[in-house]
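For reference, the structure is listed below as structure tokens.
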2 protein chains.
Amino acid sequence: MPQLGLLPRRAWAALLSQLLRPPCASCTCAASCHSQGTRDLSPQQMVVREKILDLVVSCFKRHGAKGMDTPAFELKEMLTEKYGEGSGLMYDLKDQGGELLSLRYDLTVPFARYLAMNKVKKMKRYHVGKVWRRESPTIVQGRYREFCQCDFDIAGQFDPMIPDAECLKIMCEILNGLQLGDFLIKVNDRRIVDGMFAVCGVPESKFRTICSSIDKLDKMAWKDVRHEMVAKKGLAPEVADRIGDYVQCHGGVSLVEQMLQDPRLSQNKQALEGLGDLKLLFEYLTLFGIAEKISFDLSLARGLDYYTGVIYEAVLLHTPTQAGEEPLSVGSVAAGGRYDGLVGMFDPKGHKVPCVGLSIGVERIFNIVEQRMKISGEKVRTTETQVLVATPHKNFLQERLKLIAELWDAGIKAEMLYKNNPKLLTQLHYCESTGIPLVVIVGEQELKEGVVKIRSVASREEVAIKRENLVAEIQKRLSES
Amino acid sequence: MPQLGLLPRRAWAALLSQLLRPPCASCTCAASCHSQGTRDLSPQQMVVREKILDLVVSCFKRHGAKGMDTPAFELKEMLTEKYGEGSGLMYDLKDQGGELLSLRYDLTVPFARYLAMNKVKKMKRYHVGKVWRRESPTIVQGRYREFCQCDFDIAGQFDPMIPDAECLKIMCEILNGLQLGDFLIKVNDRRIVDGMFAVCGVPESKFRTICSSIDKLDKMAWKDVRHEMVAKKGLAPEVADRIGDYVQCHGGVSLVEQMLQDPRLSQNKQALEGLGDLKLLFEYLTLFGIAEKISFDLSLARGLDYYTGVIYEAVLLHTPTQAGEEPLSVGSVAAGGRYDGLVGMFDPKGHKVPCVGLSIGVERIFNIVEQRMKISGEKVRTTETQVLVATPHKNFLQERLKLIAELWDAGIKAEMLYKNNPKLLTQLHYCESTGIPLVVIVGEQELKEGVVKIRSVASREEVAIKRENLVAEIQKRLSES
């Protein structure tokens, strides 16, 4: 993991403002050579990505999850009516004869389809894969149309809030492990959201669409969200204002207690259930030692239709630059929740399998880590080569080929220049520029004496060793370093 | 790596005949729940897949390759006219406004596009990713429409046949490492194929389409291929028969020498160049110690349009069941070749970057390994959990939660049952069925004495240790095992 230590405050502020602008594609050509909103990953980017994914996956495995994969596309009918307003962003495949297909929009719906299809009643799995959304880059800044998701989910009928608490623990472990700075996990419950809508006077038919509006509160000001609800979605202004009072509330377990006493909310059965579960959740989070990272936040709604219970979203906090300044959230880096009804939608008999899970927004994390590395000037090796097989003399290609095959066969990571007669200096420069630590040199003298020279690139020291001891000697040196 | 040892001959024969049938989807429901020709990967399958991919990728890294990734879809225009007859199998995305897109058909064309776009003149990279082809399952049996490819390519202007030889070495290392049994790598050169066509009298306009027919010789008998060339593609019968004479030839470097003396072929400049390069290639393969695995085979044509030089394909051999029986090839598991013109097709000025590479057909390898494991009854663990946190008493959820958080925070892979009051026997059974080696037990007595018990699932031995020494004790046990 690249050490992300502490950046100077000014650099950190500059980085954040950069991250809030749309990312530029990796493309260096003026013409449009690949699809809008997608990007190639260069070897440098792949190294960063792999380190982050390794950390995420090892956390999932630490919690006992199994791996799984599903196809990139699903039958279109399997994906419809699962995502709410997001459905319009699905990539459809062209009808070329046969079934109508769409690229997957997340990893959750395919997981639910898998459980129903295979009649699996209990499963803890992780899934790392790409998903595709036709976001308009001008509307939603800084998002790619192809991006990687890392999901962890627990399916099965269990005692309340135990798996839910584990999901939050996992989010904390990953965000701590990635050293991205301070973070906060906002928690709410879909039943509290719906209960709040009900007691505020939102007609039930508008619950999901108003939920989508509330979900925008992390990107839009309250007055704009209010305007959308009233002018576009036809909500009565006084209803919107009642919602406005609630969505300003956030706090710890004491806010849960307070809401349990709220004269209107406490009259709503759904809301009461949600609040009761949150209270239990906070108890478990305290035992896990992470309660201070969690904020009960009534403005959290989550856009996706399929959530039925607890929902959560982790945001990175901007260290305040002035005393008294509010910490600034820089957007969600992980999110999830409980979806007890989704599997039943795929089962012919409607059998339900309760599920709870989380998704790590690795794409945004990649960007942050990459930008930090750029600012700090940190370099990464993009290859793992341990030895360059070199020669100072002409006509030594055959010897180099024999030597390198021996190293490869012994499992040693080795390269040579693909030239019949490369210059020694070129070969040594190659080691320096790519970070190869050792050079094995064979020339006329060495061949005559039945030896090879091993050179340390760092110290420039050379020692001659017997040809037949080469592999053992290199293995010894590599195990010492 | 699952030990694939030796299967009884009868089991092996049964396995092969199974592999030649179309694979059944992982779906267990009668209804069509996911797209034809695609499949989910279960946790068991993922474990096998990851082991195979790890072996492949570590070989690529051993040869100094960098990682890279490209989007799943490309601008449709970037993919057209690159694949010959395969182009019809491309998945197009629906026109939903904006650009016309297609799912990638292989990893080679996106790599060439990347090199041209970023003006990269030299690069050794690997890429593991999914590709999509609308194969008709009734025509091409045993193929998926979504499958994983593992590609290794060397781009750059180098001295002849050095990178090409390394590609063949890599194929040998991987196939040896996977212990799939005996294999053979067929080698030819596109220039020899074209030269052969020219001296046999094929009109130049028919080179590529006749090449596609020849490519089917591993799946179809000569008389059927001949029929396709004559009846469907309008080739004169005597021309087809002349080709027929050549494509029966296969052998080692001596066949190269023989063809260099062939009165017709030696008159063709292209063929001569190809034969000269093959001779050099065999010299390098001998130095790499793999020449006996390589067969110069004039029937090898490779279907893709973009090859310009040496081409190769690795096939697994069926151990003959009777003395004198010919080894039976069970289909290609790796293939590749040289494509010196492809990058230039993406460069506005047509600047060329010579490339050579290979692709491992991991999907077929997954099938083989999976089937062998089924036959041998070998089981794999799908999780890596080291410790179950358990209790024999009621009302110990809080203690279990505290304990497990401590283990997770110390990096120990731990699970617990998501029940308030699970039975001890259920907890112990869970360890046995999922392969968890250790149980940490906390109950009334332990809590009172400030200890916990560690139980070995295999030996059923239990020892009490001080609560504060738990993490250290477990780490000690895990490092010993």
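Going by the structure tokens order, chains are called A, B, ..., each with residues numbered from 1, while ligands are numbered from 1 in the order shown.
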
Interface list for chain A, partner chain B, 7 Å threshold, only C-alpha atoms, as number ranges by chain: A: 27-29, 34-35, 38-43, 46, 61-71, 74-75, 92-94, 117-118, 158-159, 162-163, 287-288, 382-385, 398, 401-402, 405, 408, 412-415, 418-420

Every residue of range 71-167 of chain A that DSSP places in strand (DSSP E or B), as a ChimeraX atom specification: /A:73-75,92-93,101-103,123-132,146-155

Those residues you just picked out, can you put them in a file as a PDB file, in the first residue's frame with C-alpha atoms?
```
ATOM      1  CA  PHE A  73     -24.862  -8.807 -19.146  1.00  0.00           C
ATOM      2  CA  GLU A  74     -28.196 -10.113 -17.908  1.00  0.00           C
ATOM      3  CA  LEU A  75     -31.578 -10.595 -19.523  1.00  0.00           C
ATOM      4  CA  ASP A  92     -28.844  -2.152 -23.509  1.00  0.00           C
ATOM      5  CA  LEU A  93     -27.323  -4.481 -26.077  1.00  0.00           C
ATOM      6  CA  LEU A 101     -29.778  -8.068 -22.876  1.00  0.00           C
ATOM      7  CA  SER A 102     -28.456  -5.237 -20.714  1.00  0.00           C
ATOM      8  CA  LEU A 103     -25.057  -4.670 -19.121  1.00  0.00           C
ATOM      9  CA  MET A 123     -24.391 -17.199   1.594  1.00  0.00           C
ATOM     10  CA  LYS A 124     -21.653 -14.732   2.456  1.00  0.00           C
ATOM     11  CA  ARG A 125     -19.944 -13.704  -0.742  1.00  0.00           C
ATOM     12  CA  TYR A 126     -17.791 -10.987  -2.244  1.00  0.00           C
ATOM     13  CA  HIS A 127     -17.714  -9.949  -5.859  1.00  0.00           C
ATOM     14  CA  VAL A 128     -15.270  -7.635  -7.612  1.00  0.00           C
ATOM     15  CA  GLY A 129     -16.345  -6.622 -11.083  1.00  0.00           C
ATOM     16  CA  LYS A 130     -17.143  -3.904 -13.538  1.00  0.00           C
ATOM     17  CA  VAL A 131     -20.571  -2.321 -13.851  1.00  0.00           C
ATOM     18  CA  TRP A 132     -21.836   0.130 -16.443  1.00  0.00           C
ATOM     19  CA  GLU A 146     -17.592   1.903 -16.668  1.00  0.00           C
ATOM     20  CA  PHE A 147     -16.430   1.385 -13.137  1.00  0.00           C
ATOM     21  CA  CYS A 148     -15.300  -1.283 -10.748  1.00  0.00           C
ATOM     22  CA  GLN A 149     -17.342  -2.297  -7.714  1.00  0.00           C
ATOM     23  CA  CYS A 150     -16.287  -4.400  -4.733  1.00  0.00           C
ATOM     24  CA  ASP A 151     -19.296  -5.885  -3.025  1.00  0.00           C
ATOM     25  CA  PHE A 152     -19.712  -7.918   0.147  1.00  0.00           C
ATOM     26  CA  ASP A 153     -23.126  -9.332   1.051  1.00  0.00           C
ATOM     27  CA  ILE A 154     -24.636 -11.629   3.659  1.00  0.00           C
ATOM     28  CA  ALA A 155     -27.753 -13.497   2.586  1.00  0.00           C
TER      29      ALA A 155
END
```

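The spacing separating CA of Ala458 in chain A from CA of Lys423 in chain A amounts to 19.4 Å.
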
Closest of A:Ala390, A:Leu235, A:Leu425, A:Val187 to Asp277 in chain A - atom-to-atom distances counting only C-alpha atoms: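 Result for the nearest residue to Asp277 in chain A: A:Val187.
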
Nearest to Ile174 in chain B by atom-to-atom distance, counting only C-alpha atoms, from B:Ala112, B:Val247, B:Leu53, B:Leu255: B:Leu53

Per-residue DSSP, range 183-373 of chain B, filtered to helix (DSSP H, G or I), as a PyMOL selection string: chain B and resi 190-200+204-218+222-232+237-247+253-260+265-267+269-287+291-293+342-346+362-373
